[in-house]
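For reference, the structure is listed below as C-alpha cells.
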Amino acid sequence: MSPLVPDNSMNNTKSTLFILRSTPYQGHRALEGIEAVLAASVFEQPLGVLFIGDGVWQLKKQQQAEQIERRNLAALLSSFPLYDIESVYVDESSLEGKHLHSNDLLLPVSTLSAAGMAELVANHDTVLTF
Amino acid sequence: MIFSLVINGAPISSEAPYSALRFAEALLADGHSIYRVFFHGDGVLNATNLNVPPQDDLNIQERWQTFAEQHGLDVVVCVASALKRGIIDEGEASRYEKEHHNLRAGMALSGLGQLIDANCHSDRVVTFGA
Amino acid sequence: MSQLHTLNKACFEHSAVQDCLKALADGDALILLEDGVYLTDKFDSALKGRNITLHVVQYDAAARGLHPQNAAFIDARQFVTLCCEYNKTLSWY
C-alpha cells in the first residue's frame with residue numbers, strides 16, 4: 001500500500017487529511033487545528049497531516065512560546081508519535097520558499113511535490129483546513 | 001446526500017456564517033440533509049445570544065438559530081473553542097462560577113469528537129472559514 | 001480524482017490564494033466566493049491552459065458591483081451541486 005494511502009479497513013471510518021496552513025501563534029487557529037488532529041487520532045480515525053504555506057512554521061524547532069505567554073505548540077506537535085500520528089507531510093515548495101530544511105523541523109516529515117500533494121488529497125475522504 | 005458543515009468564521013468579522021447559511025438553505029431545498037453543523041474556532045461566536053445587531057442589518061446568529069429550529073438541525077458548538085471565547089451554557093457557567101450564560105437555544109456545547117463523528121456519518125463535509 | 005476548492009480572499013498574494021494554487025490540480029474546479037470574487041479576472045489568467053474550471057458565486061459578485069464578462073456564475077444550489085459532483089471540497093480561507 002502506498003504510504004500516502006490511509007488505512008480505512010475499520011468500518012464506519014472516514015480518512016481525513018488535515019491541512020495545517022496557519023502560523024503557530026497568530027491567534028488560536030494553529031492550536032485548534034492540531035487539537036482536531038489529535039481528536040481524530042484519539043477516535044482512531046485514519047488521518048494524514050499536511051503542512052503547507054505558513055503552516056510549516058509550526059514545525060520550526062526552538063520555539064519559545066513562553067516569551068509571549070503562550071502555550072508552546074511544539075510540545076503538542078512533538079506528541080504526534082505518541083498518538084501514532086505518523087503520516088505527516090510537508091509541501092516541499094513551502095519549505096524552500098521559507099528557506100527551511102528538514103533538520104530545522106521538530107518532527108520527521110515526508111516532503112511532497114505538487115503531484116505528491118494531489119495524490120495525498122485524492123487518497124483521503126475528507127479534507128479539513130486550519 | 002448527507003452534509004455536515006464546519007463554520008470557522010466569526011460573525012461580523014467574516015462572511016463565513018452567512019455563506020454557510022445560504023449553502024445550508026440551498027442544500028435542504030434541493031432535498032439533501034444536514035447531519036450536523038459544527039461551529040469551531042472563531043465560528044463559535046455565532047452561538048451567542050447577547051449580540052445586538054445594528055438596525056436593518058443581518059442578525060446572523062438569530063438566523064442560524066431560527067433555521068436550525070425550523071429544520072431540527074443538530075448544531076454543535078466546540079466547547080474548547082467556546083469557553084475560551086466566552087461562549088458558555090448554563091452548565092459551564094455554573095461550573096466556572098460565571099454570572100451569565102449566552103449559548104443560543106437549540107445549540108449544544110460539545111467536543112471535537114462530534115466533528116469526527118460528523119465526518120464519519122456524512123457524504124460531504126464543507127468548511128466555511130474566515 | 002478531481003477535487004473542488006473554494007477561496008474567499010481578495011488579495012492574490014494572500015497565503016490562502018497561494019496555498020490554493022499549489023493544491024490545484026488539472027481536472028479540479030475552483031469556486032470563488034465572498035471576497036474571492038475580486039480575483040475572477042486574475043484567476044481567469046492564472047488558470048489559462050490548465051484544465052481547471054472556475055466558478056464565481058453570483059450573489060457575492062453582484063453585492064460587490066462586479067459583473068465580469070464570461071464568468072461562470074453559480075447560485076447557492078449550483079454550489080451544492082458542485083459539492084455533490086466532486087468527492088470532497090477543500091476550503092481555502
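Please note that chains go A, B, ... in the order of the C-alpha cells, that every chain numbers its residues from 1, and that ligands are numbered from 1 in the order shown.
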
Go through chain C residue by residue and, counting only C-alpha atoms, keep those with an atom at most 6 Å from chain B; for each kept residue give the shortest atom pair and its distance in Å to one decimal, ordered by chain and increasing number, as a Markdown table.
| residue | atom | partner | partner_atom | distance |
| --- | --- | --- | --- | --- |
| C:Ala76 | CA | B:Phe23 | CA | 5.5 |
| C:Arg77 | CA | B:Ala26 | CA | 5.1 |
| C:Val80 | CA | B:Leu27 | CA | 5.9 |
| C:Ser91 | CA | B:Thr127 | CA | 5.9 |
| C:Tyr93 | CA | B:Ala130 | CA | 5.4 |

N, CA, C and O atoms of the current selection, written as a short mmCIF file (atom, residue, chain, number, x, y, z; two decimals), in the first residue's frame:
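The resulting out.cif:
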data_model
loop_
_atom_site.label_atom_id
_atom_site.label_comp_id
_atom_site.auth_asym_id
_atom_site.auth_seq_id
_atom_site.Cartn_x
_atom_site.Cartn_y
_atom_site.Cartn_z
N ALA C 76 -26.49 29.41 -5.04
CA ALA C 76 -26.24 28.52 -3.91
C ALA C 76 -26.53 27.06 -4.25
O ALA C 76 -25.81 26.15 -3.85
N ARG C 77 -27.61 26.86 -5.04
CA ARG C 77 -27.95 25.47 -5.36
C ARG C 77 -26.91 24.83 -6.26
O ARG C 77 -26.58 23.64 -6.15
N VAL C 80 -24.06 23.78 -4.16
CA VAL C 80 -24.34 22.49 -3.55
C VAL C 80 -24.10 21.36 -4.55
O VAL C 80 -23.47 20.34 -4.23
N SER C 91 -11.43 23.88 1.38
CA SER C 91 -11.75 25.30 1.60
C SER C 91 -10.49 26.06 1.97
O SER C 91 -9.82 25.73 2.95
N TYR C 93 -9.07 29.66 3.14
CA TYR C 93 -9.60 30.88 3.74
C TYR C 93 -8.58 31.54 4.63
O TYR C 93 -7.55 30.98 4.92
#

Next on the checklist: DSSP on the backbone: which residues in chain A end up as alpha helix (DSSP H)? Give the answer as an NGL selection string.
Outcome noted: :A and (29-42 or 73-78 or 92-97 or 114-122)

Generate a file of the selected residues that holds N, CA and C atoms, formatted as a compact mmCIF listing (two decimals), in the first residue's frame.
# COMPACT_ATOMS: atom_id res chain seq x y z
N ARG A 29 -5.75 29.57 15.70
CA ARG A 29 -6.13 28.68 14.61
C ARG A 29 -5.21 27.47 14.53
N ALA A 30 -3.91 27.67 14.65
CA ALA A 30 -2.97 26.56 14.56
C ALA A 30 -3.22 25.56 15.69
N LEU A 31 -3.38 26.08 16.89
CA LEU A 31 -3.63 25.23 18.06
C LEU A 31 -4.90 24.42 17.85
N GLU A 32 -5.95 25.07 17.38
CA GLU A 32 -7.22 24.38 17.23
C GLU A 32 -7.16 23.35 16.10
N GLY A 33 -6.33 23.61 15.12
CA GLY A 33 -6.13 22.61 14.06
C GLY A 33 -5.43 21.37 14.60
N ILE A 34 -4.40 21.60 15.39
CA ILE A 34 -3.66 20.47 15.97
C ILE A 34 -4.57 19.67 16.91
N GLU A 35 -5.40 20.38 17.66
CA GLU A 35 -6.33 19.68 18.56
C GLU A 35 -7.31 18.82 17.78
N ALA A 36 -7.72 19.29 16.61
CA ALA A 36 -8.62 18.49 15.78
C ALA A 36 -7.90 17.23 15.29
N VAL A 37 -6.64 17.37 14.93
CA VAL A 37 -5.84 16.21 14.51
C VAL A 37 -5.76 15.19 15.65
N LEU A 38 -5.46 15.67 16.85
CA LEU A 38 -5.33 14.77 17.99
C LEU A 38 -6.67 14.11 18.30
N ALA A 39 -7.77 14.85 18.17
CA ALA A 39 -9.09 14.26 18.41
C ALA A 39 -9.35 13.13 17.43
N ALA A 40 -9.03 13.35 16.18
CA ALA A 40 -9.25 12.31 15.16
C ALA A 40 -8.43 11.08 15.50
N SER A 41 -7.25 11.30 15.99
CA SER A 41 -6.39 10.18 16.36
C SER A 41 -6.94 9.42 17.55
N VAL A 42 -7.39 10.17 18.56
CA VAL A 42 -7.96 9.55 19.77
C VAL A 42 -9.17 8.70 19.40
N LEU A 73 3.28 25.26 20.99
CA LEU A 73 2.71 24.30 20.06
C LEU A 73 3.68 23.16 19.76
N ALA A 74 4.96 23.47 19.87
CA ALA A 74 5.95 22.44 19.56
C ALA A 74 5.76 21.21 20.43
N ALA A 75 5.39 21.45 21.69
CA ALA A 75 5.20 20.31 22.61
C ALA A 75 4.05 19.43 22.12
N LEU A 76 2.97 20.08 21.66
CA LEU A 76 1.83 19.31 21.14
C LEU A 76 2.22 18.53 19.89
N LEU A 77 2.92 19.21 19.00
CA LEU A 77 3.31 18.55 17.75
C LEU A 77 4.25 17.38 18.03
N SER A 78 5.14 17.57 18.98
CA SER A 78 6.09 16.50 19.30
C SER A 78 5.39 15.26 19.83
N GLU A 92 6.98 20.63 -0.20
CA GLU A 92 8.41 20.96 -0.32
C GLU A 92 8.62 22.40 -0.80
N SER A 93 7.74 22.90 -1.64
CA SER A 93 7.93 24.28 -2.12
C SER A 93 7.72 25.28 -0.99
N SER A 94 6.89 24.94 -0.01
CA SER A 94 6.68 25.83 1.13
C SER A 94 7.94 25.89 1.98
N LEU A 95 8.59 24.74 2.16
CA LEU A 95 9.85 24.72 2.92
C LEU A 95 10.90 25.56 2.20
N GLU A 96 11.01 25.32 0.90
CA GLU A 96 12.02 26.03 0.11
C GLU A 96 11.76 27.53 0.15
N GLY A 97 10.51 27.91 0.00
CA GLY A 97 10.15 29.33 -0.01
C GLY A 97 10.51 30.02 1.28
N ALA A 114 4.07 18.91 -5.78
CA ALA A 114 2.67 19.19 -6.09
C ALA A 114 1.93 17.90 -6.47
N ALA A 115 2.60 17.07 -7.23
CA ALA A 115 1.95 15.81 -7.64
C ALA A 115 1.70 14.91 -6.44
N GLY A 116 2.67 14.90 -5.53
CA GLY A 116 2.51 14.11 -4.30
C GLY A 116 1.35 14.61 -3.47
N MET A 117 1.21 15.94 -3.40
CA MET A 117 0.09 16.51 -2.63
C MET A 117 -1.23 16.14 -3.26
N ALA A 118 -1.30 16.18 -4.57
CA ALA A 118 -2.54 15.84 -5.25
C ALA A 118 -2.92 14.39 -4.95
N GLU A 119 -1.92 13.52 -4.93
CA GLU A 119 -2.19 12.12 -4.62
C GLU A 119 -2.64 11.96 -3.17
N LEU A 120 -2.00 12.70 -2.28
CA LEU A 120 -2.37 12.65 -0.86
C LEU A 120 -3.82 13.09 -0.67
N VAL A 121 -4.18 14.18 -1.31
CA VAL A 121 -5.56 14.69 -1.21
C VAL A 121 -6.53 13.66 -1.77
N ALA A 122 -6.18 13.11 -2.92
CA ALA A 122 -7.08 12.15 -3.57
C ALA A 122 -7.32 10.92 -2.71

Item to check | chain A residues near chain C (6 Å cut-off, only C-alpha atoms) as a PyMOL selection string | outcome: chain A and resi 53+122+126-127

Item to check | Test item: residues at most 8 Å from region 63-74 of chain B, only C-alpha atoms, excluding those fewer than 6 positions along its chain, as a list in words | outcome: Leu21, Ile34, Tyr35, Arg36, Val37, Asn46, Arg104, Ala105, Gly106 and Met107 of chain B

Checklist entry - Where in region 41-71 of chain C does DSSP assign strand (DSSP E), given as a PyMOL selection string? => result chain C and resi 53-57

Next on the checklist: Within 7 Å of chain A, which residues belong to chain B? Use only C-alpha atoms and report them as a PyMOL selection string.
Outcome noted: chain B and resi 41+112-113+116+119-120+125

For the selection just defined, write its residues with all heavy atoms to a file, as a PDB file, in the first residue's frame.
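Produced file result-v2.pdb, reproduced below:
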ATOM      1  N   GLY B  41     -13.521  27.105  16.382  1.00  0.00           N
ATOM      2  CA  GLY B  41     -12.651  28.287  16.337  1.00  0.00           C
ATOM      3  C   GLY B  41     -13.493  29.544  16.557  1.00  0.00           C
ATOM      4  O   GLY B  41     -14.396  29.579  17.402  1.00  0.00           O
ATOM      5  N   LEU B 112     -14.635  17.964  20.147  1.00  0.00           N
ATOM      6  CA  LEU B 112     -14.203  17.702  18.773  1.00  0.00           C
ATOM      7  C   LEU B 112     -14.631  16.324  18.293  1.00  0.00           C
ATOM      8  O   LEU B 112     -14.689  16.074  17.085  1.00  0.00           O
ATOM      9  CB  LEU B 112     -12.686  17.838  18.666  1.00  0.00           C
ATOM     10  CG  LEU B 112     -12.186  19.269  18.594  1.00  0.00           C
ATOM     11  CD1 LEU B 112     -10.698  19.344  18.906  1.00  0.00           C
ATOM     12  CD2 LEU B 112     -12.459  19.860  17.220  1.00  0.00           C
ATOM     13  N   GLY B 113     -14.947  15.436  19.219  1.00  0.00           N
ATOM     14  CA  GLY B 113     -15.446  14.119  18.808  1.00  0.00           C
ATOM     15  C   GLY B 113     -16.681  14.230  17.936  1.00  0.00           C
ATOM     16  O   GLY B 113     -16.925  13.388  17.056  1.00  0.00           O
ATOM     17  N   ILE B 116     -15.520  14.708  14.434  1.00  0.00           N
ATOM     18  CA  ILE B 116     -15.048  13.432  13.885  1.00  0.00           C
ATOM     19  C   ILE B 116     -16.241  12.540  13.547  1.00  0.00           C
ATOM     20  O   ILE B 116     -16.291  11.917  12.490  1.00  0.00           O
ATOM     21  CB  ILE B 116     -14.115  12.737  14.908  1.00  0.00           C
ATOM     22  CG1 ILE B 116     -13.006  13.679  15.383  1.00  0.00           C
ATOM     23  CG2 ILE B 116     -13.562  11.462  14.334  1.00  0.00           C
ATOM     24  CD1 ILE B 116     -12.187  14.309  14.278  1.00  0.00           C
ATOM     25  N   ASN B 119     -17.937  13.679  10.443  1.00  0.00           N
ATOM     26  CA  ASN B 119     -17.173  13.257   9.275  1.00  0.00           C
ATOM     27  C   ASN B 119     -17.499  11.814   8.903  1.00  0.00           C
ATOM     28  O   ASN B 119     -17.661  11.475   7.733  1.00  0.00           O
ATOM     29  CB  ASN B 119     -15.681  13.425   9.586  1.00  0.00           C
ATOM     30  CG  ASN B 119     -14.808  13.212   8.387  1.00  0.00           C
ATOM     31  OD1 ASN B 119     -15.227  13.442   7.260  1.00  0.00           O
ATOM     32  ND2 ASN B 119     -13.593  12.748   8.623  1.00  0.00           N
ATOM     33  N   CYS B 120     -17.613  10.968   9.900  1.00  0.00           N
ATOM     34  CA  CYS B 120     -17.901   9.542   9.644  1.00  0.00           C
ATOM     35  C   CYS B 120     -19.279   9.329   9.045  1.00  0.00           C
ATOM     36  O   CYS B 120     -19.489   8.380   8.297  1.00  0.00           O
ATOM     37  CB  CYS B 120     -17.828   8.733  10.948  1.00  0.00           C
ATOM     38  SG  CYS B 120     -16.177   8.550  11.561  1.00  0.00           S
ATOM     39  N   VAL B 125     -18.360  16.946   3.777  1.00  0.00           N
ATOM     40  CA  VAL B 125     -18.110  17.906   4.847  1.00  0.00           C
ATOM     41  C   VAL B 125     -17.576  19.166   4.174  1.00  0.00           C
ATOM     42  O   VAL B 125     -16.568  19.106   3.470  1.00  0.00           O
ATOM     43  CB  VAL B 125     -17.090  17.372   5.871  1.00  0.00           C
ATOM     44  CG1 VAL B 125     -16.813  18.417   6.938  1.00  0.00           C
ATOM     45  CG2 VAL B 125     -17.592  16.078   6.493  1.00  0.00           C
TER      46      VAL B 125
END

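Taking CA of Asn51 (chain B) and CA of Asn102 (chain B) as endpoints, the distance between them is 9.4 Å.
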
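Distance-wise, CA of Val79 (chain B) and CA of Gln114 (chain B) end up 10.5 Å apart.
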